[in-house]
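Asker: One file is attached below, final_26.cif, containing mmCIF, C-alpha atoms and all ligand atoms.
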```
data_data
loop_
_atom_site.label_atom_id
_atom_site.label_comp_id
_atom_site.auth_asym_id
_atom_site.auth_seq_id
_atom_site.Cartn_x
_atom_site.Cartn_y
_atom_site.Cartn_z
CA MET A 1 50.35 27.55 -80.18
CA ALA A 2 47.49 27.27 -77.69
CA VAL A 3 45.76 30.63 -77.34
CA HIS A 4 44.80 31.53 -73.82
CA HIS A 5 41.14 32.42 -73.29
CA ALA A 6 40.58 35.01 -70.60
CA LEU A 7 36.95 34.13 -70.09
CA ARG A 8 35.06 30.91 -70.29
CA LEU A 9 31.75 29.24 -69.68
CA ARG A 10 32.20 26.27 -67.38
CA LEU A 11 29.54 23.71 -68.18
CA ASP A 12 28.50 20.92 -65.86
CA SER A 13 27.66 17.84 -67.91
CA ARG A 14 26.34 15.94 -64.88
CA ALA A 15 23.92 18.76 -64.10
CA LEU A 16 22.70 18.71 -67.72
CA THR A 17 22.04 14.98 -67.61
CA HIS A 18 20.51 15.23 -64.13
CA ASN A 19 18.08 17.91 -65.36
CA TRP A 20 17.06 15.87 -68.40
CA LEU A 21 16.45 12.78 -66.26
CA TRP A 22 14.35 14.77 -63.77
CA LEU A 23 12.24 16.24 -66.58
CA GLN A 24 11.70 12.83 -68.17
CA ARG A 25 10.82 11.22 -64.83
CA THR A 26 8.44 14.05 -64.02
CA ALA A 27 6.75 13.84 -67.40
CA GLY A 28 6.53 10.04 -67.31
CA VAL A 29 7.11 9.90 -71.09
CA PRO A 30 10.22 10.28 -73.27
CA ALA A 31 11.78 13.73 -73.09
CA GLY A 32 13.45 15.25 -76.13
CA ALA A 33 15.66 18.32 -76.02
CA ALA A 34 15.35 21.73 -77.65
CA VAL A 35 18.88 22.51 -78.85
CA LYS A 36 18.03 25.53 -80.99
CA ALA A 37 20.13 28.68 -80.66
CA ASP A 38 23.21 26.47 -80.34
CA GLY A 39 21.82 24.60 -77.37
CA TYR A 40 20.63 27.83 -75.72
CA GLY A 41 24.18 29.12 -76.02
CA LEU A 42 25.90 26.14 -74.39
CA GLY A 43 26.88 24.38 -77.62
CA ALA A 44 24.38 22.18 -79.45
CA VAL A 45 26.91 19.58 -80.58
CA GLU A 46 28.09 18.81 -77.05
CA VAL A 47 24.61 18.99 -75.56
CA THR A 48 23.33 16.55 -78.17
CA ARG A 49 26.18 14.15 -77.57
CA LEU A 50 25.79 14.23 -73.78
CA LEU A 51 22.01 13.86 -73.82
CA GLY A 52 22.23 11.22 -76.54
CA ASP A 53 24.52 9.23 -74.22
CA ALA A 54 21.95 9.66 -71.45
CA GLY A 55 19.22 8.19 -73.67
CA CYS A 56 17.58 11.25 -75.24
CA ARG A 57 16.36 10.49 -78.77
CA ASP A 58 14.54 13.58 -80.05
CA PHE A 59 16.29 16.88 -80.71
CA PHE A 60 14.78 20.15 -81.88
CA VAL A 61 16.39 23.02 -83.77
CA SER A 62 14.70 26.02 -85.38
CA THR A 63 16.21 26.14 -88.86
CA TRP A 64 17.93 24.03 -91.50
CA ALA A 65 21.09 26.04 -90.97
CA GLU A 66 21.05 24.85 -87.36
CA ALA A 67 20.39 21.28 -88.48
CA ASP A 68 23.34 21.52 -90.86
CA ALA A 69 25.63 22.98 -88.19
CA LEU A 70 24.74 20.16 -85.82
CA GLY A 71 26.05 17.54 -88.23
CA PRO A 72 25.29 13.84 -87.83
CA LEU A 73 23.46 12.92 -84.63
CA PRO A 74 24.34 10.08 -82.28
CA ASN A 75 22.97 6.70 -83.41
CA GLY A 76 19.23 6.30 -83.08
CA CYS A 77 18.60 10.02 -82.55
CA GLU A 78 16.15 12.07 -84.57
CA LEU A 79 16.29 15.72 -85.45
CA VAL A 80 13.28 17.96 -85.99
CA VAL A 81 13.29 21.45 -87.55
CA LEU A 82 10.70 23.56 -85.76
CA HIS A 83 10.27 26.31 -88.35
CA GLY A 84 9.44 23.81 -91.06
CA ILE A 85 10.11 24.37 -94.74
CA GLY A 86 10.05 27.82 -96.25
CA PRO A 87 10.33 28.47 -100.00
CA GLN A 88 14.16 28.32 -99.81
CA ASP A 89 14.44 25.22 -97.63
CA LEU A 90 13.40 22.35 -99.88
CA GLU A 91 16.83 21.41 -101.10
CA ALA A 92 18.25 21.28 -97.56
CA ALA A 93 15.21 19.45 -96.24
CA LEU A 94 15.25 16.77 -98.92
CA ALA A 95 18.97 16.16 -98.42
CA SER A 96 18.59 15.93 -94.64
CA HIS A 97 17.47 13.17 -92.30
CA ALA A 98 15.74 15.77 -90.14
CA ARG A 99 11.96 16.06 -90.18
CA PRO A 100 10.30 19.43 -90.69
CA VAL A 101 7.48 20.61 -88.47
CA LEU A 102 4.89 21.86 -90.97
CA ASN A 103 3.40 25.08 -89.65
CA SER A 104 1.05 26.43 -92.33
CA ARG A 105 -1.07 25.44 -95.31
CA GLU A 106 1.75 26.70 -97.54
CA GLN A 107 4.24 24.41 -95.87
CA VAL A 108 1.86 21.45 -96.04
CA THR A 109 1.34 21.95 -99.77
CA ARG A 110 5.06 22.37 -100.34
CA TRP A 111 5.89 19.15 -98.47
CA LYS A 112 3.15 17.12 -100.15
CA GLU A 113 4.50 18.13 -103.57
CA ALA A 114 8.18 17.79 -102.79
CA ALA A 115 8.22 14.68 -100.60
CA PRO A 116 5.00 12.70 -101.03
CA GLY A 117 4.69 10.00 -98.39
CA ARG A 118 7.73 11.10 -96.47
CA ALA A 119 7.22 11.49 -92.72
CA CYS A 120 6.96 14.94 -91.22
CA ASP A 121 5.85 16.61 -88.00
CA VAL A 122 3.01 19.11 -87.79
CA MET A 123 2.38 22.05 -85.46
CA VAL A 124 -1.22 22.81 -84.57
CA ASP A 125 -1.99 26.18 -83.08
CA THR A 126 -4.08 25.95 -79.92
CA GLY A 127 -3.81 29.58 -78.83
CA MET A 128 -0.25 30.83 -79.19
CA ASN A 129 -0.96 32.26 -82.65
CA ARG A 130 2.65 32.21 -83.64
CA LEU A 131 3.28 29.13 -85.75
CA GLY A 132 1.00 26.24 -86.63
CA LEU A 133 -2.14 25.37 -88.53
CA ARG A 134 -5.40 26.61 -87.11
CA THR A 135 -7.71 23.90 -85.86
CA GLU A 136 -10.15 24.65 -88.71
CA GLU A 137 -7.37 23.99 -91.24
CA LEU A 138 -6.70 20.41 -90.19
CA ASP A 139 -8.43 18.89 -93.23
CA GLN A 140 -5.27 20.01 -95.07
CA LEU A 141 -3.42 17.21 -93.31
CA ASP A 142 -5.13 14.35 -95.14
CA GLY A 143 -2.57 12.23 -96.95
CA LEU A 144 0.38 13.33 -94.79
CA GLU A 145 2.49 10.78 -92.95
CA ILE A 146 2.57 12.57 -89.59
CA HIS A 147 5.24 11.36 -87.22
CA THR A 148 4.69 13.73 -84.28
CA LEU A 149 1.86 16.22 -83.96
CA HIS A 150 2.84 19.21 -81.82
CA SER A 151 1.31 22.20 -80.19
CA HIS A 152 2.97 24.79 -77.96
CA LEU A 153 1.83 26.41 -74.70
CA ALA A 154 1.75 30.19 -74.49
CA CYS A 155 1.55 30.63 -70.71
CA ALA A 156 2.91 27.46 -69.13
CA ASP A 157 5.23 29.44 -66.84
CA GLU A 158 2.18 31.15 -65.30
CA ASP A 159 -0.95 29.92 -63.57
CA SER A 160 -3.07 30.98 -66.49
CA ALA A 161 -6.49 29.71 -67.53
CA MET A 162 -4.99 29.52 -71.01
CA ASN A 163 -3.10 26.33 -70.07
CA ALA A 164 -6.20 24.21 -69.55
CA VAL A 165 -7.83 25.75 -72.62
CA GLN A 166 -4.86 24.77 -74.80
CA LEU A 167 -4.72 21.33 -73.21
CA GLY A 168 -8.38 20.75 -74.01
CA ARG A 169 -7.98 21.91 -77.59
CA PHE A 170 -4.92 19.75 -78.15
CA ALA A 171 -6.52 16.67 -76.59
CA ALA A 172 -9.44 17.12 -79.01
CA VAL A 173 -7.10 17.45 -81.99
CA ALA A 174 -5.22 14.33 -80.88
CA THR A 175 -8.40 12.26 -81.12
CA THR A 176 -9.11 13.38 -84.72
CA VAL A 177 -5.71 13.74 -86.41
CA PRO A 178 -3.79 10.48 -86.71
CA ALA A 179 -0.11 10.66 -85.81
CA ARG A 180 2.38 8.29 -84.30
CA ARG A 181 2.91 10.58 -81.33
CA TYR A 182 1.65 13.80 -79.78
CA ALA A 183 3.65 16.47 -77.95
CA LEU A 184 2.61 19.65 -76.13
CA ALA A 185 4.83 20.50 -73.17
CA ASN A 186 7.99 22.61 -72.95
CA SER A 187 9.93 22.83 -69.66
CA ALA A 188 7.21 24.79 -67.87
CA GLY A 189 4.50 22.58 -69.36
CA ILE A 190 6.13 19.50 -67.81
CA CYS A 191 5.68 21.14 -64.41
CA LEU A 192 1.92 21.49 -65.01
CA GLY A 193 1.38 17.76 -64.54
CA ARG A 194 1.23 14.58 -66.56
CA ASP A 195 -2.02 15.56 -68.29
CA TYR A 196 0.27 17.71 -70.42
CA SER A 197 2.75 14.95 -71.27
CA PHE A 198 1.06 13.05 -74.14
CA GLY A 199 3.70 10.88 -75.88
CA LEU A 200 6.71 13.19 -75.81
CA VAL A 201 7.82 16.40 -74.09
CA ARG A 202 10.11 19.09 -75.50
CA PRO A 203 12.08 20.77 -72.69
CA GLY A 204 14.70 23.39 -73.40
CA LEU A 205 15.36 25.96 -70.68
CA ALA A 206 15.20 23.60 -67.69
CA LEU A 207 17.80 21.27 -69.25
CA TYR A 208 20.24 24.16 -69.05
CA GLY A 209 19.51 25.18 -65.47
CA GLY A 210 16.47 27.41 -65.96
CA VAL A 211 13.69 27.12 -63.39
CA PRO A 212 10.46 27.82 -65.27
CA ARG A 213 8.03 27.26 -62.39
CA GLU A 214 8.26 26.73 -58.65
CA GLU A 215 7.50 22.99 -59.05
CA ALA A 216 11.01 22.67 -60.50
CA GLU A 217 12.75 24.53 -57.67
CA GLY A 218 15.27 22.35 -55.90
CA HIS A 219 15.22 19.80 -58.73
CA ILE A 220 16.99 21.68 -61.51
CA ALA A 221 20.75 22.16 -61.18
CA GLN A 222 22.79 25.05 -62.53
CA VAL A 223 24.69 24.03 -65.68
CA ALA A 224 26.44 27.18 -66.95
CA TYR A 225 28.99 29.17 -64.95
CA PRO A 226 30.60 32.23 -66.57
CA GLU A 227 34.18 32.60 -65.36
CA ALA A 228 36.51 35.52 -66.02
CA GLU A 229 40.16 36.20 -65.39
CA VAL A 230 41.38 39.07 -63.26
CA VAL A 231 43.24 41.52 -65.54
CA GLN A 232 44.45 43.67 -62.69
CA ARG A 233 43.93 44.46 -59.05
CA ARG A 234 44.00 48.08 -57.92
CA THR A 235 43.25 50.27 -54.96
CA ILE A 236 40.60 52.92 -55.52
CA LYS A 237 41.19 55.70 -53.02
CA ALA A 238 38.38 57.16 -50.95
CA GLY A 239 36.52 59.78 -52.99
CA GLU A 240 37.70 58.41 -56.36
CA THR A 241 35.32 56.97 -58.91
CA CYS A 242 35.43 53.83 -61.03
CA GLY A 243 34.38 53.24 -64.61
CA TYR A 244 32.42 55.05 -67.32
CA GLY A 245 30.18 57.86 -66.20
CA ALA A 246 31.97 57.93 -62.83
CA THR A 247 28.76 56.53 -61.37
CA TRP A 248 30.41 54.85 -58.40
CA THR A 249 32.47 56.65 -55.77
CA ALA A 250 34.62 54.89 -53.19
CA ALA A 251 33.38 55.70 -49.69
CA ALA A 252 36.66 54.39 -48.32
CA ASP A 253 39.83 53.01 -49.91
CA THR A 254 38.56 50.01 -51.89
CA GLU A 255 40.37 47.02 -53.31
CA ALA A 256 39.02 46.32 -56.79
CA ALA A 257 39.52 43.44 -59.20
CA ILE A 258 39.05 44.30 -62.87
CA ILE A 259 37.86 41.22 -64.72
CA ASN A 260 37.74 40.16 -68.34
CA ILE A 261 34.05 40.17 -69.22
CA GLY A 262 31.59 42.82 -70.34
CA TYR A 263 28.45 43.57 -72.26
CA ALA A 264 29.98 42.40 -75.54
CA ASP A 265 30.07 38.97 -73.92
CA GLY A 266 26.41 39.14 -73.03
CA TYR A 267 27.05 40.26 -69.47
CA LEU A 268 24.79 43.25 -69.95
CA ARG A 269 24.72 46.70 -68.39
CA CYS A 270 21.63 45.89 -66.37
CA PHE A 271 23.93 44.02 -63.96
CA ALA A 272 25.37 47.37 -62.77
CA GLY A 273 24.70 47.68 -59.05
CA LYS A 274 23.18 44.17 -59.06
CA GLY A 275 25.75 41.65 -60.27
CA SER A 276 28.44 39.89 -58.28
CA ALA A 277 31.00 37.14 -58.32
CA SER A 278 31.68 34.62 -55.62
CA ILE A 279 34.79 32.74 -54.64
CA ASP A 280 34.81 30.21 -51.81
CA GLY A 281 31.63 31.73 -50.43
CA LYS A 282 33.08 35.26 -50.46
CA LEU A 283 30.98 37.83 -52.28
CA LEU A 284 32.54 40.32 -54.70
CA PRO A 285 29.89 42.90 -55.66
CA LEU A 286 30.11 44.64 -59.01
CA ILE A 287 31.03 48.32 -58.79
CA GLY A 288 30.37 51.00 -61.41
CA ARG A 289 29.10 50.30 -64.89
CA VAL A 290 29.59 47.24 -67.04
CA SER A 291 32.02 48.11 -69.87
CA MET A 292 32.22 46.35 -73.22
CA ASP A 293 35.00 43.98 -72.14
CA LEU A 294 35.54 44.71 -68.45
CA VAL A 295 33.78 44.75 -65.12
CA ALA A 296 35.08 45.98 -61.76
CA LEU A 297 34.43 44.02 -58.58
CA ASP A 298 34.90 45.04 -54.98
CA ALA A 299 37.52 42.51 -53.97
CA SER A 300 37.89 43.63 -50.34
CA ALA A 301 36.71 40.20 -49.16
CA LEU A 302 39.63 38.52 -50.94
CA PRO A 303 42.96 40.17 -50.11
CA ASP A 304 44.91 37.56 -52.09
CA LEU A 305 42.95 37.73 -55.33
CA ALA A 306 45.45 38.78 -57.99
CA GLU A 307 46.08 39.19 -61.71
CA GLY A 308 45.60 35.85 -63.50
CA ASP A 309 43.19 34.47 -60.91
CA TRP A 310 39.70 33.46 -61.98
CA VAL A 311 36.36 34.49 -60.59
CA THR A 312 32.98 32.86 -61.16
CA LEU A 313 30.15 35.30 -61.77
CA ASP A 314 26.94 34.65 -59.87
CA TYR A 315 24.73 33.25 -62.60
CA ASP A 316 22.14 31.05 -60.96
CA LEU A 317 19.46 31.72 -63.56
CA PRO A 318 16.40 32.56 -61.45
CA ALA A 319 18.46 34.84 -59.17
CA ALA A 320 20.34 36.44 -62.07
CA ALA A 321 17.04 37.04 -63.89
CA ASP A 322 15.60 38.75 -60.80
CA ALA A 323 18.72 40.87 -60.41
CA SER A 324 19.09 41.89 -64.05
CA GLY A 325 15.52 42.04 -65.31
CA LEU A 326 16.53 39.74 -68.18
CA SER A 327 14.74 36.46 -68.78
CA GLN A 328 16.47 33.20 -67.94
CA TYR A 329 16.42 32.48 -71.69
CA GLU A 330 18.20 35.73 -72.54
CA LEU A 331 20.80 35.13 -69.85
CA LEU A 332 21.85 31.92 -71.60
CA THR A 333 21.38 32.71 -75.28
CA GLY A 334 23.06 36.12 -75.02
CA LEU A 335 26.45 34.77 -73.92
CA SER A 336 28.97 35.51 -76.67
CA GLU A 337 31.38 33.31 -78.58
CA ARG A 338 34.25 34.85 -76.64
CA LEU A 339 33.48 32.63 -73.67
CA GLU A 340 35.33 29.40 -74.22
CA ARG A 341 32.85 26.58 -73.63
CA ARG A 342 34.47 24.09 -71.30
CA TRP A 343 32.54 20.98 -70.23
CA THR A 344 33.47 19.24 -67.04
C1 LIG B 401 11.88 26.35 -77.74
C2 LIG B 401 10.74 25.45 -77.75
C3 LIG B 401 10.58 24.52 -76.73
C4 LIG B 401 11.40 24.51 -75.47
O1 LIG B 401 10.87 25.49 -74.62
P1 LIG B 401 11.47 25.80 -73.16
O2 LIG B 401 10.56 26.82 -72.61
O3 LIG B 401 12.85 26.32 -73.37
O4 LIG B 401 11.45 24.53 -72.40
C5 LIG B 401 9.56 23.59 -76.87
N1 LIG B 401 8.75 23.61 -77.95
C6 LIG B 401 8.87 24.51 -78.93
C7 LIG B 401 7.93 24.47 -80.08
C8 LIG B 401 9.86 25.46 -78.87
O5 LIG B 401 9.97 26.38 -79.83
#
```
Please rewrite the model in this file as structure tokens.
Answerer:
Amino acid sequence: MAVHHALRLRLDSRALTHNWLWLQRTAGVPAGAAVKADGYGLGAVEVTRLLGDAGCRDFFVSTWAEADALGPLPNGCELVVLHGIGPQDLEAALASHARPVLNSREQVTRWKEAAPGRACDVMVDTGMNRLGLRTEELDQLDGLEIHTLHSHLACADEDSAMNAVQLGRFAAVATTVPARRYALANSAGICLGRDYSFGLVRPGLALYGGVPREEAEGHIAQVAYPEAEVVQRRTIKAGETCGYGATWTAAADTEAAIINIGYADGYLRCFAGKGSASIDGKLLPLIGRVSMDLVALDASALPDLAEGDWVTLDYDLPAAADASGLSQYELLTGLSERLERRWT
């Protein structure tokens, strides 16, 4: 029996590939793909397969559990675990083909003891102060077989003086620490110019339709489209209210479509008064509050919209972030399992 899903995330595989190609062309060096958090909520297995077909060779997850869930990668692809190896990770790391990114003296010592001579990646901190060895700790790296040496930008999505400072620090490190390859830029970092490219870039957000800086506007295509089924259509009479808290009152008789999505799906309450759906260019504004599993839309613009029809929520990431106050990252990674992922 095929169960019917009443909400889904339509995913545009051509847009995903297009975005990856644009990022790689812009960087002028190979582009990998951050597929942590299940490919930013889109599905890491599918994303990896599609980008692998497009020519992407380097994939990044956060943890060994994510590496395990991803399973075998397409031929010729390499997997990197960004959080490195904690005290509990050695068994998984040694059994895996993935390389850890060593982030601390503890992790370096652990790797040297457990896997002498085996290639690893290393994160150097150049100002983020989150993960990575401090620049004065780099003597710890002697004797390691470093595949890719990384650092990570703290403010690449802003015009911050910090960007050039981090670039300068990383360029200096790259001249003293031998590695096969060096990598600094995330999606926003790619937009800062080719000085930031080194030998590899690590985009995430922009692959999935996020626009991290204005340089990417017009080049990045939307990938993820939440779609929900109409559960019922009803007329709300003038003076009546709709939804929890009775926060919305009909000024005139209003045709409403109640659709199958809510905050439990990651369509959060901050969309109240701000969100909308569109069909064939017709706008259906959200009315009242967002419930756990339901949202009401003003369907006046579509007299024929009926139970069982589908609507596409407006989810262009920059616009939806402005409307909701959520980050483009949260808008993607917060979408629940209840949305059936459907690639086209
Ligand atoms: C998540 C992550 C990225 C990708 O960042 P985006 O801003 O999504 O492009 C790159 N590098 C590291 C170390 C990361 O953790």
Asker: Distance limit 6 Å, reference ligand LIG 401 (chain B), atoms considered: all atoms listed in the file. Which residues make the cut? Give them as an MDAnalysis selection string.
Answerer: chainID A and resid 34 152 186:187 202:205
Asker: At most 6 Å from (15.6, 9.6, -74.9), file frame, only C-alpha atoms: which residues, as a ChimeraX atom specification?
Answerer: /A:30-31,55-57
Asker: Suppose you want the space between CA of Gly193 in chain A and CA of Ala54 in chain A; what is it in Å?
Answerer: 23.2 Å
Asker: Which polymer residues have any atom within 8 Å of an atom of Gly273 in chain A, counting all atoms listed in the file, with same-chain residues fewer than 4 positions away left out, as a CSV table (one decimal) with C-alpha atoms, in the frame of the given file?
Answerer:
```csv
chain,number,residue,atom,x,y,z
A,285,PRO,CA,29.9,42.9,-55.7
A,286,LEU,CA,30.1,44.6,-59.0
A,287,ILE,CA,31.0,48.3,-58.8
A,288,GLY,CA,30.4,51.0,-61.4
A,289,ARG,CA,29.1,50.3,-64.9
```
Asker: Here is a test: counting only C-alpha atoms, which residue of A:Val201, A:Arg180, A:Leu167, A:Asp89 is nearest to Val122 in chain A?
Answerer: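 Closest to Val122 in chain A of all the choices is A:Arg180.
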Asker: So, with all atoms listed in the file as the atoms that count, which of A:Gly117, A:Ala277, A:Glu66, A:Pro74 lies closest to Ala92 in chain A?
Answerer: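 Among the listed residues, the smallest separation from Ala92 in chain A belongs to A:Glu66.
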Asker: Take the point (3.5, 18.6, -91.5) in the file's coordinates, draw a sphere of radius 10 Å around it, and report as number ranges by chain every protein, DNA or RNA residue with an atom inside or on it, counting only C-alpha atoms.
Answerer: A: 84-85, 99-105, 107-112, 118-124, 132-133, 140-141, 144-150
Asker: Quick one: of A:Asn260, A:Gln166, A:Ser151, A:Gln232, who's nearest to Arg181 in chain A, counting all atoms listed in the file?
Answerer: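 That would be A:Ser151, the residue with the smallest distance to Arg181 in chain A.
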Asker: With only C-alpha atoms as the counted atoms, please give the residues lying no more than 7 Å from range 196-199 of chain A, apart from itself and same-chain residues fewer than 3 positions off, as number ranges by chain.
Answerer: A: 27, 29, 167, 181-185, 189-190, 192-193
Asker: Mind pulling up the distance from CA of Ile261 in chain A to CA of Gln222 in chain A?
Answerer: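 Atom-to-atom, CA of Gln222 in chain A and CA of Ile261 in chain A are spaced 20.0 Å apart.
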Asker: Would you compute the distance between CA of Glu307 in chain A and CA of Thr235 in chain A? Give it in Å to one decimal.
Answerer: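 These atoms are spaced 13.3 Å apart.
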Asker: Could you tell me which of A:Gly41, A:Gly28, A:Gly325, A:Gly245 comes closest to Val223 in chain A if we count only C-alpha atoms?
Answerer: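 That would be A:Gly41, the residue with the smallest distance to Val223 in chain A.
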Asker: Which of these, A:Gly39, A:Gly32, A:Pro212, A:Gly127, has the shortest distance to Ala154 in chain A once you count all atoms listed in the file?
Answerer: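 For Ala154 in chain A, the nearest of the candidates is A:Gly127.
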Asker: Between A:Val290, A:Gly52, A:Val35, A:Val211, single out the one closest to Tyr244 in chain A, counting only C-alpha atoms.
Answerer: A:Val290
Asker: Can you tell me, as an mmCIF file with C-alpha atoms, in the coordinates of the input, what residues are no more than 9 Å from range 215-217 of chain A when counting all atoms listed in the file, ignoring any on the same chain fewer than 2 positions away?
Answerer:
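As a result, selection-v1.cif now contains:
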```
data_model
loop_
_atom_site.group_PDB
_atom_site.id
_atom_site.type_symbol
_atom_site.label_atom_id
_atom_site.label_comp_id
_atom_site.auth_asym_id
_atom_site.auth_seq_id
_atom_site.Cartn_x
_atom_site.Cartn_y
_atom_site.Cartn_z
ATOM 1 C CA LEU A 23 12.240 16.240 -66.580
ATOM 2 C CA ALA A 188 7.210 24.790 -67.870
ATOM 3 C CA CYS A 191 5.680 21.140 -64.410
ATOM 4 C CA LEU A 192 1.920 21.490 -65.010
ATOM 5 C CA ALA A 206 15.200 23.600 -67.690
ATOM 6 C CA VAL A 211 13.690 27.120 -63.390
ATOM 7 C CA PRO A 212 10.460 27.820 -65.270
ATOM 8 C CA ARG A 213 8.030 27.260 -62.390
ATOM 9 C CA HIS A 219 15.220 19.800 -58.730
ATOM 10 C CA ILE A 220 16.990 21.680 -61.510
#
```
Asker: Mind checking which residues fall within 12 Å of Ala95 in chain A, counting all atoms listed in the file, ignoring those fewer than 5 positions away in the same chain, and posting them as a count of residues only?
Answerer: 7
Asker: Name the residues in contact with Val47 in chain A at a cut-off of 12 Å, using all atoms listed in the file, excluding same-chain residues fewer than 3 positions from it; report them as JSON, numbers by chain.
Answerer: {"A": [11, 12, 13, 14, 15, 16, 17, 20, 32, 33, 34, 35, 36, 37, 38, 39, 40, 41, 42, 43, 44, 50, 51, 52, 53, 54, 56, 59, 60, 70, 73, 74, 204, 207, 208, 223, 341, 342, 343]}
Asker: Write the residues you've just listed into a file as an mmCIF file, keeping the file's coordinate frame, and include C-alpha atoms for each of them.
Answerer:
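The result, stored in again_31.cif:
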```cif
data_model
loop_
_atom_site.group_PDB
_atom_site.id
_atom_site.type_symbol
_atom_site.label_atom_id
_atom_site.label_comp_id
_atom_site.auth_asym_id
_atom_site.auth_seq_id
_atom_site.Cartn_x
_atom_site.Cartn_y
_atom_site.Cartn_z
ATOM 1 C CA LEU A 11 29.540 23.710 -68.180
ATOM 2 C CA ASP A 12 28.500 20.920 -65.860
ATOM 3 C CA SER A 13 27.660 17.840 -67.910
ATOM 4 C CA ARG A 14 26.340 15.940 -64.880
ATOM 5 C CA ALA A 15 23.920 18.760 -64.100
ATOM 6 C CA LEU A 16 22.700 18.710 -67.720
ATOM 7 C CA THR A 17 22.040 14.980 -67.610
ATOM 8 C CA TRP A 20 17.060 15.870 -68.400
ATOM 9 C CA GLY A 32 13.450 15.250 -76.130
ATOM 10 C CA ALA A 33 15.660 18.320 -76.020
ATOM 11 C CA ALA A 34 15.350 21.730 -77.650
ATOM 12 C CA VAL A 35 18.880 22.510 -78.850
ATOM 13 C CA LYS A 36 18.030 25.530 -80.990
ATOM 14 C CA ALA A 37 20.130 28.680 -80.660
ATOM 15 C CA ASP A 38 23.210 26.470 -80.340
ATOM 16 C CA GLY A 39 21.820 24.600 -77.370
ATOM 17 C CA TYR A 40 20.630 27.830 -75.720
ATOM 18 C CA GLY A 41 24.180 29.120 -76.020
ATOM 19 C CA LEU A 42 25.900 26.140 -74.390
ATOM 20 C CA GLY A 43 26.880 24.380 -77.620
ATOM 21 C CA ALA A 44 24.380 22.180 -79.450
ATOM 22 C CA LEU A 50 25.790 14.230 -73.780
ATOM 23 C CA LEU A 51 22.010 13.860 -73.820
ATOM 24 C CA GLY A 52 22.230 11.220 -76.540
ATOM 25 C CA ASP A 53 24.520 9.230 -74.220
ATOM 26 C CA ALA A 54 21.950 9.660 -71.450
ATOM 27 C CA CYS A 56 17.580 11.250 -75.240
ATOM 28 C CA PHE A 59 16.290 16.880 -80.710
ATOM 29 C CA PHE A 60 14.780 20.150 -81.880
ATOM 30 C CA LEU A 70 24.740 20.160 -85.820
ATOM 31 C CA LEU A 73 23.460 12.920 -84.630
ATOM 32 C CA PRO A 74 24.340 10.080 -82.280
ATOM 33 C CA GLY A 204 14.700 23.390 -73.400
ATOM 34 C CA LEU A 207 17.800 21.270 -69.250
ATOM 35 C CA TYR A 208 20.240 24.160 -69.050
ATOM 36 C CA VAL A 223 24.690 24.030 -65.680
ATOM 37 C CA ARG A 341 32.850 26.580 -73.630
ATOM 38 C CA ARG A 342 34.470 24.090 -71.300
ATOM 39 C CA TRP A 343 32.540 20.980 -70.230
#
```
